[in-house]
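K.L.:
Sharing a structure with you now.
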Amino acid sequence: CGQFIHIKCGHSRLLRRPISICDWMGDTLRVVFEVRGEGTEWLSRRKAGDKLDVLGPLGRGFDVSGKKLLVVGGGIGVPPLLGCAKYAASRGGEVHACLGFRDEGHLMLTGDFAEYCRCLHVISDDGSTGRKGFVTELVEEFLTAEACAGDACTACCGAPARPVILACGPRPMLKGVAALAERFGLDAARPQWRENSNWAGLLIAIGNEYAPGN
């Protein structure tokens, strides 16, 4: 979960494009990308049946074995989190999602996330998706609602399930998420950063729920 592949975009282009894996089924991979240059423009013109030169999967992915996950995505950082949400849900995990986009025109994959997540919250820079603001606002509200009420609530017997946060998106967004995690006392474990030229990812693990892999 959370890995990427290197795709050769045309014979005349030396550098491959790193694109995150959105989803998979058997030996089929699903990728979602934004056209930002000649390489991705070439890739967008490929048709069903065309062959691609691909290396991967590459990178150190996310650990999704936690019982409760909060996936936080911003822009083109949203796609790799879908596979994480789907796989975690298939293993009985409780998944929540907070997704942020530039505007309605850049909205993506919300129907897929709704299928696998217990709750889905969406926000955009201009409000065209229904609410205006930044995805960190949604994270703050989620963590506030999840805070233990102590003796006033007996639903969790005093031991609320603390979420593991998986975040992928622009570095300013990730810094905001990390700051919120620290503010809400979710800084007990070491944040794990993953980054390539396409996106950056952050995992904040809580307590002993997550053991960093190799």
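Simple scheme: letters A, B, ... for chains in structure tokens order, numbers from 1 for residues in each chain, numbers from 1 for ligands in the order shown.
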Just the residues within 9 Å of range 172-175 of chain A, please, counting only C-alpha atoms, with nothing from its chain fewer than 2 positions along; format it as a list in words.
P.N.:
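Selected residues are Val72, Gly73, Gly74, Phe134, Val135, Thr136, Ala167, Cys168, Gly169, Pro170, Val177, Ala178, Ala179, Leu180, Ala200, Gly201 and Leu202 of chain A.
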K.L.:
Nearest residue to Asp125 in chain A out of A:Gly56, A:Gly2, A:Gly75, A:Gly92, using only C-alpha atoms?
P.N.:
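Comparing A:Gly56, A:Gly2, A:Gly75, A:Gly92 against Asp125 in chain A, the winner is A:Gly75.
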K.L.:
Select, from A:Ala97, A:Ala88, A:Ile165, A:Ile19, the residue with the minimum atom-to-atom distance to His121 in chain A, counting only C-alpha atoms.
P.N.:
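Selected residue with least distance to His121 in chain A: A:Ala97.
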K.L.:
Excluding Val31 in chain A and its own-chain neighbours fewer than 4 positions away, which residues fall within 10 Å of it when counting only C-alpha atoms? Please give them as an MDAnalysis selection string.
P.N.:
chainID A and resid 4:5 19:24 79:80
K.L.:
For Val95 in chain A, which residue out of A:Pro163, A:Leu58, A:Met108, A:Leu143 is the nearest one, using only C-alpha atoms?
P.N.:
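Closest to Val95 in chain A, using only C-alpha atoms: A:Pro163.
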K.L.:
Please measure the separation of CA of Val71 in chain A and CA of Ala85 in chain A, giving the value in Å to one decimal.
P.N.:
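Between these atoms lies a distance of 7.3 Å.
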K.L.:
Find the spatial neighbours of Gly105 in chain A, counting only C-alpha atoms, within a cut-off of 12 Å - ignore same-chain residues fewer than 5 positions away - and output them as a PDB file with N, CA, C and O atoms, in the first residue's frame.
P.N.:
```pdb
ATOM      1  N   GLU A  34      -2.293  13.412 -12.916  1.00  0.00           N
ATOM      2  CA  GLU A  34      -2.658  14.695 -13.504  1.00  0.00           C
ATOM      3  C   GLU A  34      -1.677  15.024 -14.615  1.00  0.00           C
ATOM      4  O   GLU A  34      -0.470  14.830 -14.455  1.00  0.00           O
ATOM      5  N   GLY A  75      -5.100  16.855  -2.990  1.00  0.00           N
ATOM      6  CA  GLY A  75      -4.840  16.906  -4.425  1.00  0.00           C
ATOM      7  C   GLY A  75      -4.441  15.578  -5.013  1.00  0.00           C
ATOM      8  O   GLY A  75      -5.081  14.549  -4.780  1.00  0.00           O
ATOM      9  N   SER A 124     -12.601  21.896  -0.255  1.00  0.00           N
ATOM     10  CA  SER A 124     -11.834  22.436  -1.386  1.00  0.00           C
ATOM     11  C   SER A 124     -11.424  23.872  -1.108  1.00  0.00           C
ATOM     12  O   SER A 124     -12.018  24.567  -0.278  1.00  0.00           O
ATOM     13  N   ASP A 125     -10.419  24.308  -1.835  1.00  0.00           N
ATOM     14  CA  ASP A 125      -9.891  25.659  -1.641  1.00  0.00           C
ATOM     15  C   ASP A 125     -10.942  26.732  -1.920  1.00  0.00           C
ATOM     16  O   ASP A 125     -10.956  27.777  -1.262  1.00  0.00           O
ATOM     17  N   ASP A 126     -11.808  26.487  -2.918  1.00  0.00           N
ATOM     18  CA  ASP A 126     -12.769  27.517  -3.314  1.00  0.00           C
ATOM     19  C   ASP A 126     -14.196  27.235  -2.850  1.00  0.00           C
ATOM     20  O   ASP A 126     -15.104  28.018  -3.120  1.00  0.00           O
ATOM     21  N   GLY A 127     -14.431  26.118  -2.186  1.00  0.00           N
ATOM     22  CA  GLY A 127     -15.761  25.795  -1.683  1.00  0.00           C
ATOM     23  C   GLY A 127     -16.697  25.155  -2.686  1.00  0.00           C
ATOM     24  O   GLY A 127     -17.851  24.871  -2.371  1.00  0.00           O
ATOM     25  N   SER A 128     -16.229  24.908  -3.907  1.00  0.00           N
ATOM     26  CA  SER A 128     -17.120  24.368  -4.944  1.00  0.00           C
ATOM     27  C   SER A 128     -17.523  22.921  -4.695  1.00  0.00           C
ATOM     28  O   SER A 128     -18.456  22.421  -5.327  1.00  0.00           O
ATOM     29  N   THR A 129     -16.858  22.225  -3.775  1.00  0.00           N
ATOM     30  CA  THR A 129     -17.241  20.849  -3.444  1.00  0.00           C
ATOM     31  C   THR A 129     -18.235  20.802  -2.287  1.00  0.00           C
ATOM     32  O   THR A 129     -18.630  19.730  -1.846  1.00  0.00           O
TER      33      THR A 129
END
```
K.L.:
Return the single residue from A:Gly26, A:Gly130, A:Gly77, A:Pro18 that is closest to Asp103 in chain A, with distances computed using only C-alpha atoms.
P.N.:
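Smallest distance to Asp103 in chain A is found for A:Gly130.
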K.L.:
Counting only C-alpha atoms, figure out which residue out of A:Cys84, A:Leu186, A:Ile76, A:Leu69 gets nearest to Gln3 in chain A.
P.N.:
A:Cys84
K.L.:
Taking 5 positions as the minimum chain separation for residues in the same chain, which residues sit within 10 Å of Leu15 in chain A when counting only C-alpha atoms? Answer as a list in words.
P.N.:
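Counting only C-alpha atoms, the residues come to His6, Ile7, Lys8, Cys9, Gly10 and Gly39 of chain A.
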K.L.:
How many Å lie between CA of Val164 in chain A and CA of Ile123 in chain A, rounded to one decimal?
P.N.:
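Straight-line distance from CA of Val164 in chain A to CA of Ile123 in chain A works out to 21.0 Å.
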